[in-house]
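Chemist: Just one file: query29.cif, with mmCIF, C-alpha atoms.
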data_work
#
loop_
_atom_site.label_atom_id
_atom_site.label_comp_id
_atom_site.auth_asym_id
_atom_site.auth_seq_id
_atom_site.Cartn_x
_atom_site.Cartn_y
_atom_site.Cartn_z
CA MET A 29 9.66 16.28 -8.17
CA ASP A 30 12.35 13.62 -8.33
CA PHE A 31 13.64 11.79 -5.28
CA ILE A 32 16.95 9.96 -5.74
CA VAL A 33 17.55 6.97 -3.48
CA GLU A 34 20.82 7.27 -1.56
CA SER A 35 20.63 4.32 0.81
CA VAL A 36 18.45 1.58 2.24
CA ASP A 37 18.79 0.38 5.81
CA THR A 38 16.93 -1.81 8.25
CA TYR A 39 15.12 0.10 11.00
CA PHE A 40 13.38 -1.19 14.14
CA PRO A 41 10.85 1.35 15.47
CA ASN A 42 10.05 -1.26 18.12
CA PRO A 43 11.20 -4.83 18.76
CA HIS A 44 8.21 -6.31 16.91
CA ILE A 45 8.34 -4.46 13.58
CA GLU A 46 11.26 -4.55 11.19
CA CYS A 47 11.18 -1.77 8.61
CA TRP A 48 13.00 -0.53 5.55
CA ALA A 49 14.35 3.01 5.85
CA VAL A 50 14.94 4.60 2.44
CA ALA A 51 17.05 7.77 2.42
CA MET A 52 16.55 10.04 -0.59
CA THR A 53 17.66 13.43 -1.87
CA ARG A 54 15.53 15.93 -3.77
CA PRO A 55 17.00 17.98 -6.64
CA ASP A 56 17.49 20.97 -4.33
CA GLY A 57 19.63 18.82 -2.01
CA THR A 58 16.94 18.43 0.64
CA LYS A 59 17.07 15.07 2.38
CA HIS A 60 13.95 12.92 2.57
CA GLY A 61 13.32 9.65 4.36
CA TYR A 62 10.64 7.02 3.96
CA VAL A 63 10.11 4.14 6.38
CA PHE A 64 7.78 1.19 5.82
CA PRO A 65 7.41 -2.26 7.41
CA LYS A 66 9.32 -5.01 5.62
CA PHE A 67 6.10 -6.98 5.13
CA THR A 68 4.53 -4.14 3.08
CA LEU A 69 5.37 -5.56 -0.36
CA GLU A 70 3.86 -8.91 0.60
CA GLN A 71 0.82 -7.12 2.08
CA ARG A 72 0.17 -5.14 -1.12
CA ALA A 73 0.37 -8.33 -3.19
CA ALA A 74 -2.25 -9.84 -0.90
CA GLU A 75 -4.48 -6.77 -0.64
CA TYR A 76 -4.71 -5.92 -4.32
CA GLY A 77 -4.00 -9.24 -6.02
CA PHE A 78 -0.66 -8.23 -7.51
CA ASP A 79 1.66 -10.97 -8.72
CA PRO A 80 3.91 -11.60 -5.69
CA ALA A 81 6.80 -12.45 -8.04
CA ASP A 82 6.61 -8.98 -9.63
CA ILE A 83 8.90 -7.27 -7.13
CA GLU A 84 9.48 -4.27 -9.43
CA THR A 85 5.78 -3.38 -9.54
CA LEU A 86 5.32 -3.92 -5.81
CA LEU A 87 8.38 -1.84 -4.97
CA ASP A 88 7.30 0.95 -7.33
CA ILE A 89 3.84 1.07 -5.75
CA VAL A 90 5.09 1.04 -2.17
CA LEU A 91 7.77 3.69 -2.79
CA HIS A 92 5.19 6.03 -4.31
CA GLU A 93 2.39 5.47 -1.79
CA GLN A 94 4.06 8.08 0.40
CA PHE A 95 2.84 10.70 -2.11
CA VAL A 96 -0.75 9.41 -2.42
CA HIS A 97 -3.52 11.43 -0.80
CA SER A 98 -6.07 9.48 1.22
CA PRO A 99 -9.21 8.48 -0.70
CA GLY A 100 -12.04 10.92 -0.11
CA GLY A 101 -9.82 13.59 1.45
CA GLU A 102 -9.95 17.30 0.79
CA ILE A 103 -7.84 17.00 -2.37
CA GLU A 104 -9.62 15.70 -5.46
CA ASP A 105 -9.24 11.95 -5.60
CA PRO A 106 -7.86 10.84 -8.99
CA ALA A 107 -9.73 7.52 -8.84
CA ALA A 108 -13.01 9.27 -8.07
CA ALA A 109 -12.32 11.73 -10.90
CA LYS A 110 -12.23 8.70 -13.22
CA GLY A 111 -15.63 7.58 -11.89
CA MET A 112 -14.26 4.96 -9.50
CA LEU A 113 -16.93 5.26 -6.84
CA SER A 114 -18.46 2.63 -4.57
CA PRO A 115 -21.12 2.72 -1.85
CA ALA A 116 -19.85 3.65 1.61
CA LEU A 117 -20.09 0.62 3.89
CA VAL A 118 -20.44 2.73 7.05
CA SER A 119 -21.25 6.36 7.79
CA SER A 120 -18.10 8.41 8.16
CA GLY A 121 -17.58 12.16 8.17
CA MET A 122 -19.97 13.72 5.67
CA ALA A 123 -20.69 10.44 3.86
CA ARG A 124 -23.57 8.30 5.01
CA LYS A 125 -23.73 4.55 4.57
CA GLY A 126 -24.66 3.77 0.97
CA ALA A 127 -23.52 7.14 -0.42
CA MET A 128 -21.16 6.92 -3.39
CA VAL A 129 -17.59 7.59 -2.22
CA PRO A 130 -14.14 7.01 -3.75
CA THR A 131 -13.41 3.32 -4.20
CA ASP A 132 -10.90 1.86 -1.77
CA LEU A 133 -9.77 -1.59 -0.68
CA PHE A 134 -12.73 -2.10 1.61
CA ASN A 135 -15.72 -0.70 -0.27
CA ALA A 136 -14.71 -1.88 -3.76
CA PRO A 137 -17.03 -4.55 -5.16
CA THR A 138 -13.99 -6.63 -6.14
CA ILE A 139 -10.25 -6.66 -5.51
CA GLU A 140 -9.81 -5.81 -9.22
CA HIS A 141 -11.78 -2.58 -8.69
CA ALA A 142 -9.72 -1.77 -5.59
CA ARG A 143 -6.48 -2.42 -7.49
CA GLU A 144 -7.54 -0.16 -10.38
CA ALA A 145 -8.38 2.70 -7.98
CA HIS A 146 -5.12 2.27 -6.05
CA LEU A 147 -3.06 2.24 -9.25
CA ALA A 148 -4.85 5.42 -10.42
CA ARG A 149 -3.88 7.15 -7.17
CA VAL A 150 -0.27 5.97 -7.39
CA ALA A 151 0.02 7.07 -11.04
CA HIS A 152 -1.43 10.48 -10.16
CA ALA A 153 1.01 10.87 -7.24
CA LYS A 154 3.94 10.02 -9.52
CA ARG A 155 2.79 12.66 -12.04
CA THR A 156 2.01 15.41 -9.54
CA ARG A 157 3.87 14.92 -6.24
CA GLY A 158 7.02 12.86 -6.61
CA ARG A 159 8.92 10.11 -8.39
CA VAL A 160 11.47 7.87 -6.72
CA HIS A 161 14.53 6.95 -8.80
CA PRO A 162 17.70 4.95 -8.17
CA PRO A 163 20.97 6.84 -8.53
CA SER A 164 22.06 7.34 -12.15
CA GLU A 165 25.50 5.90 -11.38
CA GLY A 166 26.80 3.23 -9.07
CA PRO A 167 24.93 0.46 -7.31
CA ASP A 168 21.19 0.70 -6.77
CA PRO A 169 20.46 0.76 -3.01
CA LEU A 170 17.00 -0.69 -3.72
CA ASP A 171 18.69 -3.96 -4.70
CA GLN A 172 18.80 -4.76 -0.98
CA ILE A 173 14.99 -4.73 -0.85
CA ARG A 174 14.79 -6.71 -4.09
CA ALA A 175 17.10 -9.37 -2.62
CA GLU A 176 15.52 -9.47 0.85
CA HIS A 177 11.84 -8.78 0.10
CA GLY A 178 10.68 -11.76 2.15
CA ILE A 179 7.56 -12.42 0.07
CA THR A 180 6.34 -16.00 0.36
CA LYS A 181 3.32 -17.77 -1.10
CA ALA A 182 2.21 -18.72 2.40
CA GLY A 183 2.55 -15.12 3.60
CA VAL A 184 0.56 -13.75 0.67
CA ALA A 185 -2.14 -16.39 1.16
CA ALA A 186 -2.45 -15.63 4.89
CA ALA A 187 -2.58 -11.87 4.32
CA ALA A 188 -5.12 -12.28 1.46
CA ARG A 189 -7.31 -14.34 3.78
CA GLU A 190 -7.12 -11.59 6.40
CA VAL A 191 -8.02 -8.93 3.82
CA ASP A 192 -11.00 -11.03 2.72
CA LEU A 193 -12.14 -11.39 6.33
CA HIS A 194 -11.91 -7.62 6.92
CA ARG A 195 -13.85 -6.91 3.73
CA ARG A 196 -16.51 -9.45 4.67
CA ALA A 197 -16.69 -8.13 8.24
CA LEU A 198 -17.47 -4.63 6.97
CA ARG A 199 -20.31 -6.12 4.94
CA GLY A 200 -21.64 -8.05 7.95
CA LYS A 201 -21.00 -11.40 6.25
CA LEU A 202 -18.69 -13.19 8.70
CA THR A 203 -19.56 -16.44 10.39
CA GLU A 204 -18.77 -16.76 14.11
CA THR A 205 -15.77 -18.95 13.25
CA GLU A 206 -14.47 -16.33 10.79
CA ALA A 207 -14.98 -13.56 13.37
CA ARG A 208 -12.82 -15.50 15.85
CA GLU A 209 -10.23 -16.06 13.13
CA LEU A 210 -10.16 -12.34 12.36
CA SER A 211 -9.75 -11.41 16.02
CA ARG A 212 -6.65 -13.65 16.18
CA ALA A 213 -5.15 -12.24 12.94
CA GLY A 214 -1.57 -11.09 13.29
CA ARG A 215 -0.97 -7.78 11.49
CA GLY A 216 -4.17 -5.85 12.01
CA ALA A 217 -6.29 -4.13 9.40
CA PRO A 218 -4.79 -3.64 5.95
CA ARG A 219 -4.64 -0.09 4.66
CA ALA A 220 -7.27 1.33 2.33
#
Would you kindly transcribe this structure into C-alpha coordinates?
Modeler:
Amino acid sequence: MDFIVESVDTYFPNPHIECWAVAMTRPDGTKHGYVFPKFTLEQRAAEYGFDPADIETLLDIVLHEQFVHSPGGEIEDPAAAKGMLSPALVSSGMARKGAMVPTDLFNAPTIEHAREAHLARVAHAKRTRGRVHPPSEGPDPLDQIRAEHGITKAGVAAAAREVDLHRRALRGKLTETEARELSRAGRGAPRA
(Lines of atoms letter the chains of each structure in order from A and count residues from 1; the text may use other names and numbers.)
(Lines give C-alpha, C1' and ligand atoms only; values in the text may rest on other atoms or scores of the structure.)
Protein backbone atom coordinates (compact mmCIF):
# COMPACT_ATOMS: atom_id res chain seq x y z
CA MET A 1 0.00 0.00 0.00
CA ASP A 2 1.32 3.44 -0.89
CA PHE A 3 1.46 6.30 1.58
CA ILE A 4 1.91 9.76 0.05
CA VAL A 5 3.57 12.37 2.25
CA GLU A 6 1.44 15.50 2.60
CA SER A 7 3.35 17.48 5.22
CA VAL A 8 6.14 17.43 7.77
CA ASP A 9 5.94 19.36 11.01
CA THR A 10 7.81 19.61 14.28
CA TYR A 11 6.01 18.05 17.23
CA PHE A 12 6.84 18.18 20.96
CA PRO A 13 5.21 15.29 22.85
CA ASN A 14 6.97 16.67 25.93
CA PRO A 15 9.42 19.53 26.52
CA HIS A 16 12.44 17.20 26.28
CA ILE A 17 11.81 15.42 22.98
CA GLU A 18 11.50 17.14 19.63
CA CYS A 19 9.90 14.96 16.96
CA TRP A 20 9.07 14.94 13.28
CA ALA A 21 5.37 14.45 12.52
CA VAL A 22 4.82 13.15 8.98
CA ALA A 23 1.25 13.37 7.66
CA MET A 24 0.40 10.96 4.85
CA THR A 25 -2.58 9.87 2.78
CA ARG A 26 -3.33 6.35 1.60
CA PRO A 27 -4.80 5.70 -1.87
CA ASP A 28 -8.30 5.38 -0.40
CA GLY A 29 -7.98 8.88 1.11
CA THR A 30 -7.41 7.65 4.66
CA LYS A 31 -5.08 9.89 6.63
CA HIS A 32 -2.07 8.40 8.38
CA GLY A 33 0.47 9.99 10.69
CA TYR A 34 3.92 8.91 11.79
CA VAL A 35 5.88 10.58 14.58
CA PHE A 36 9.52 9.90 15.43
CA PRO A 37 12.17 11.73 17.49
CA LYS A 38 14.36 14.06 15.47
CA PHE A 39 17.48 12.20 16.62
CA THR A 40 16.25 8.93 15.03
CA LEU A 41 18.22 9.26 11.77
CA GLU A 42 21.42 9.90 13.72
CA GLN A 43 20.59 6.99 16.06
CA ARG A 44 20.12 4.53 13.17
CA ALA A 45 23.44 5.59 11.66
CA ALA A 46 25.06 4.85 15.01
CA GLU A 47 23.18 1.62 15.73
CA TYR A 48 23.67 -0.09 12.39
CA GLY A 49 26.80 1.57 11.02
CA PHE A 50 25.08 3.39 8.17
CA ASP A 51 26.94 6.24 6.50
CA PRO A 52 25.67 9.32 8.39
CA ALA A 53 26.01 11.38 5.21
CA ASP A 54 23.56 9.09 3.38
CA ILE A 55 20.42 10.92 4.46
CA GLU A 56 18.30 9.27 1.73
CA THR A 57 19.00 5.77 3.03
CA LEU A 58 18.50 6.77 6.66
CA LEU A 59 15.25 8.56 5.88
CA ASP A 60 13.97 5.63 3.81
CA ILE A 61 14.72 3.19 6.65
CA VAL A 62 13.16 5.32 9.36
CA LEU A 63 10.01 6.08 7.34
CA HIS A 64 9.45 2.37 6.71
CA GLU A 65 10.24 1.10 10.21
CA GLN A 66 6.65 1.90 11.14
CA PHE A 67 5.63 -1.12 9.03
CA VAL A 68 8.23 -3.56 10.40
CA HIS A 69 7.06 -6.32 12.72
CA SER A 70 9.13 -6.88 15.85
CA PRO A 71 11.80 -9.58 15.55
CA GLY A 72 10.61 -12.89 16.91
CA GLY A 73 6.94 -11.86 17.04
CA GLU A 74 3.97 -13.94 16.00
CA ILE A 75 4.39 -13.01 12.32
CA GLU A 76 7.16 -14.81 10.45
CA ASP A 77 10.32 -12.74 10.67
CA PRO A 78 11.79 -12.10 7.20
CA ALA A 79 15.35 -12.01 8.56
CA ALA A 80 14.87 -15.33 10.36
CA ALA A 81 13.34 -16.79 7.19
CA LYS A 82 16.65 -15.97 5.47
CA GLY A 83 18.53 -17.84 8.22
CA MET A 84 19.54 -14.73 10.17
CA LEU A 85 19.49 -16.27 13.62
CA SER A 86 21.67 -15.58 16.66
CA PRO A 87 21.79 -17.00 20.19
CA ALA A 88 19.42 -15.34 22.66
CA LEU A 89 21.44 -13.40 25.23
CA VAL A 90 18.77 -13.73 27.93
CA SER A 91 15.71 -15.91 28.44
CA SER A 92 12.59 -14.17 27.20
CA GLY A 93 9.13 -15.53 26.48
CA MET A 94 9.47 -19.01 25.00
CA ALA A 95 13.15 -18.59 24.11
CA ARG A 96 15.78 -19.59 26.62
CA LYS A 97 19.24 -18.06 26.80
CA GLY A 98 21.39 -19.56 24.04
CA ALA A 99 18.44 -20.65 21.86
CA MET A 100 18.63 -19.50 18.25
CA VAL A 101 16.31 -16.52 17.74
CA PRO A 102 15.94 -13.86 15.02
CA THR A 103 19.00 -11.64 14.82
CA ASP A 104 18.54 -8.13 16.18
CA LEU A 105 20.76 -5.22 17.17
CA PHE A 106 21.65 -6.72 20.52
CA ASN A 107 22.17 -10.43 19.86
CA ALA A 108 23.88 -10.09 16.46
CA PRO A 109 27.53 -11.16 16.52
CA THR A 110 28.46 -7.95 14.67
CA ILE A 111 26.84 -4.67 13.70
CA GLU A 112 27.07 -5.83 10.06
CA HIS A 113 24.87 -8.85 10.91
CA ALA A 114 22.40 -6.59 12.75
CA ARG A 115 22.30 -4.18 9.79
CA GLU A 116 21.64 -7.01 7.31
CA ALA A 117 18.75 -8.34 9.43
CA HIS A 118 17.26 -4.86 9.89
CA LEU A 119 17.47 -4.12 6.16
CA ALA A 120 15.77 -7.47 5.41
CA ARG A 121 12.88 -6.50 7.71
CA VAL A 122 12.57 -3.03 6.19
CA ALA A 123 12.63 -4.43 2.62
CA HIS A 124 9.96 -6.99 3.55
CA ALA A 125 7.78 -4.27 5.13
CA LYS A 126 8.08 -2.14 1.99
CA ARG A 127 7.01 -5.11 -0.18
CA THR A 128 4.15 -6.31 2.02
CA ARG A 129 2.84 -3.54 4.29
CA GLY A 130 3.51 -0.07 2.95
CA ARG A 131 5.72 2.27 0.95
CA VAL A 132 6.15 5.95 1.71
CA HIS A 133 6.41 8.27 -1.30
CA PRO A 134 6.71 12.03 -1.76
CA PRO A 135 3.91 13.72 -3.69
CA SER A 136 4.17 13.28 -7.46
CA GLU A 137 3.84 17.04 -7.99
CA GLY A 138 4.95 20.09 -6.08
CA PRO A 139 7.54 20.40 -3.35
CA ASP A 140 8.62 17.37 -1.35
CA PRO A 141 7.69 17.88 2.33
CA LEU A 142 10.51 15.50 3.30
CA ASP A 143 12.99 18.16 2.17
CA GLN A 144 12.49 19.76 5.59
CA ILE A 145 13.91 16.64 7.27
CA ARG A 146 16.71 16.44 4.70
CA ALA A 147 17.67 20.06 5.44
CA GLU A 148 17.29 19.86 9.23
CA HIS A 149 18.36 16.27 9.97
CA GLY A 150 20.77 17.36 12.70
CA ILE A 151 23.19 14.47 12.20
CA THR A 152 26.69 15.25 13.45
CA LYS A 153 29.84 13.17 13.61
CA ALA A 154 30.02 13.76 17.35
CA GLY A 155 26.40 12.69 17.81
CA VAL A 156 26.89 9.51 15.80
CA ALA A 157 30.08 8.69 17.71
CA ALA A 158 28.39 9.21 21.09
CA ALA A 159 25.35 7.13 20.12
CA ALA A 160 27.57 4.36 18.64
CA ARG A 161 29.50 4.24 21.92
CA GLU A 162 26.23 3.89 23.83
CA VAL A 163 25.06 1.09 21.50
CA ASP A 164 28.39 -0.69 22.03
CA LEU A 165 28.03 -0.37 25.80
CA HIS A 166 24.48 -1.80 25.72
CA ARG A 167 25.60 -4.71 23.54
CA ARG A 168 28.56 -5.41 25.83
CA ALA A 169 26.37 -5.10 28.94
CA LEU A 170 24.03 -7.80 27.64
CA ARG A 171 27.06 -10.05 27.18
CA GLY A 172 28.32 -9.31 30.70
CA LYS A 173 31.50 -7.70 29.37
CA LEU A 174 31.41 -4.19 30.87
CA THR A 175 34.04 -2.85 33.20
CA GLU A 176 32.87 -0.91 36.27
CA THR A 177 33.86 2.34 34.55
CA GLU A 178 31.84 1.42 31.45
CA ALA A 179 28.84 0.46 33.61
CA ARG A 180 28.92 3.93 35.22
CA GLU A 181 29.24 5.50 31.78
CA LEU A 182 26.22 3.54 30.55
CA SER A 183 24.13 4.55 33.56
CA ARG A 184 24.81 8.22 32.73
CA ALA A 185 24.01 7.81 29.00
CA GLY A 186 21.51 10.31 27.69
CA ARG A 187 18.95 8.68 25.36
CA GLY A 188 18.36 5.29 26.89
CA ALA A 189 18.50 1.92 25.17
CA PRO A 190 18.56 1.88 21.38
CA ARG A 191 15.82 -0.08 19.67
CA ALA A 192 16.32 -3.64 18.46
Chemist: When the PyMOL selection byres ((chain A and resi 174-184) around 10) is applied to the file above, which residues end up in the set, as an MDAnalysis selection string?
Modeler: chainID A and resid 48 66:75 77:81 83:84 87 169:173 185:190
Chemist: Kindly resolve the PyMOL selection byres ((chain A and resi 114) around 9) on the present coordinates and return the residues as a ChimeraX atom specification.
Modeler: /A:112-113,115-117,126-132,135-137
Chemist: Determine the residue membership of the PyMOL selection byres ((chain A and resi 138-155) around 6) for the file above and supply it as a ChimeraX atom specification.
Modeler: /A:76,95-96,106-107,132-133,136-137,156-159
Chemist: Mind giving me the straight-line distance from CA of Ser119 (chain A) to CA of Glu204 (chain A) in Å, one decimal?
Modeler: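 Distance reported for this atom pair: 24.1 Å.
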Chemist: Check which residues of region 67-145 of chain A sit at most 12 Å from region 31-36 of chain A using all atoms listed in the file, and return one row each with the closest pair of atoms and their distance in Å to one decimal, ordered by chain and rising number, as a tab-separated table.
Modeler:
residue	atom	partner	partner_atom	distance
A:Leu91	CA	A:Phe31	CA	10.3
A:His92	CA	A:Phe31	CA	10.3
A:Gln94	CA	A:Phe31	CA	11.7
A:Phe95	CA	A:Phe31	CA	11.3
Chemist: Tell me, in Å to one decimal, how far CA of Ser120 (chain A) is from CA of Glu206 (chain A).
Modeler: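 Taking CA of Ser120 (chain A) as the start and CA of Glu206 (chain A) as the end point, the length is 25.1 Å.
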Chemist: Which distance in Å separates CA of Ala197 (chain A) and CA of Phe64 (chain A), to one decimal?
Modeler: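 Taking CA of Ala197 (chain A) as the start and CA of Phe64 (chain A) as the end point, the length is 26.3 Å.
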Chemist: Taking all atoms listed in the file into account, which of A:Pro99, A:Pro167, A:Gly121, A:Pro65 comes nearest Ile45 (chain A)?
Modeler: A:Pro65
Chemist: Would you compute, for all listed atoms of region 142-147 of chain A, the axis-aligned bounding box grown by 3 Å on each side, and then report its centre and edge lengths in Å rounded to one decimal, as lines of an AutoDock Vina configuration file?
Modeler:
center_x = -6.4
center_y = 0.1
center_z = -8.0
size_x = 12.7
size_y = 11.1
size_z = 10.8
Chemist: Counting all atoms listed in the file, which residue out of A:Ala109, A:His97, A:Arg54, A:Pro43 sits closest to Pro163 (chain A)?
Modeler: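 Under the stated criterion, the closest residue is A:Arg54.
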Chemist: Using only C-alpha atoms for the distances, tell me which of A:Glu93, A:Met122, A:Asp30, A:Arg195 is nearest to Thr58 (chain A).
Modeler: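 Checking each candidate against Thr58 (chain A), we get A:Asp30 as the closest.
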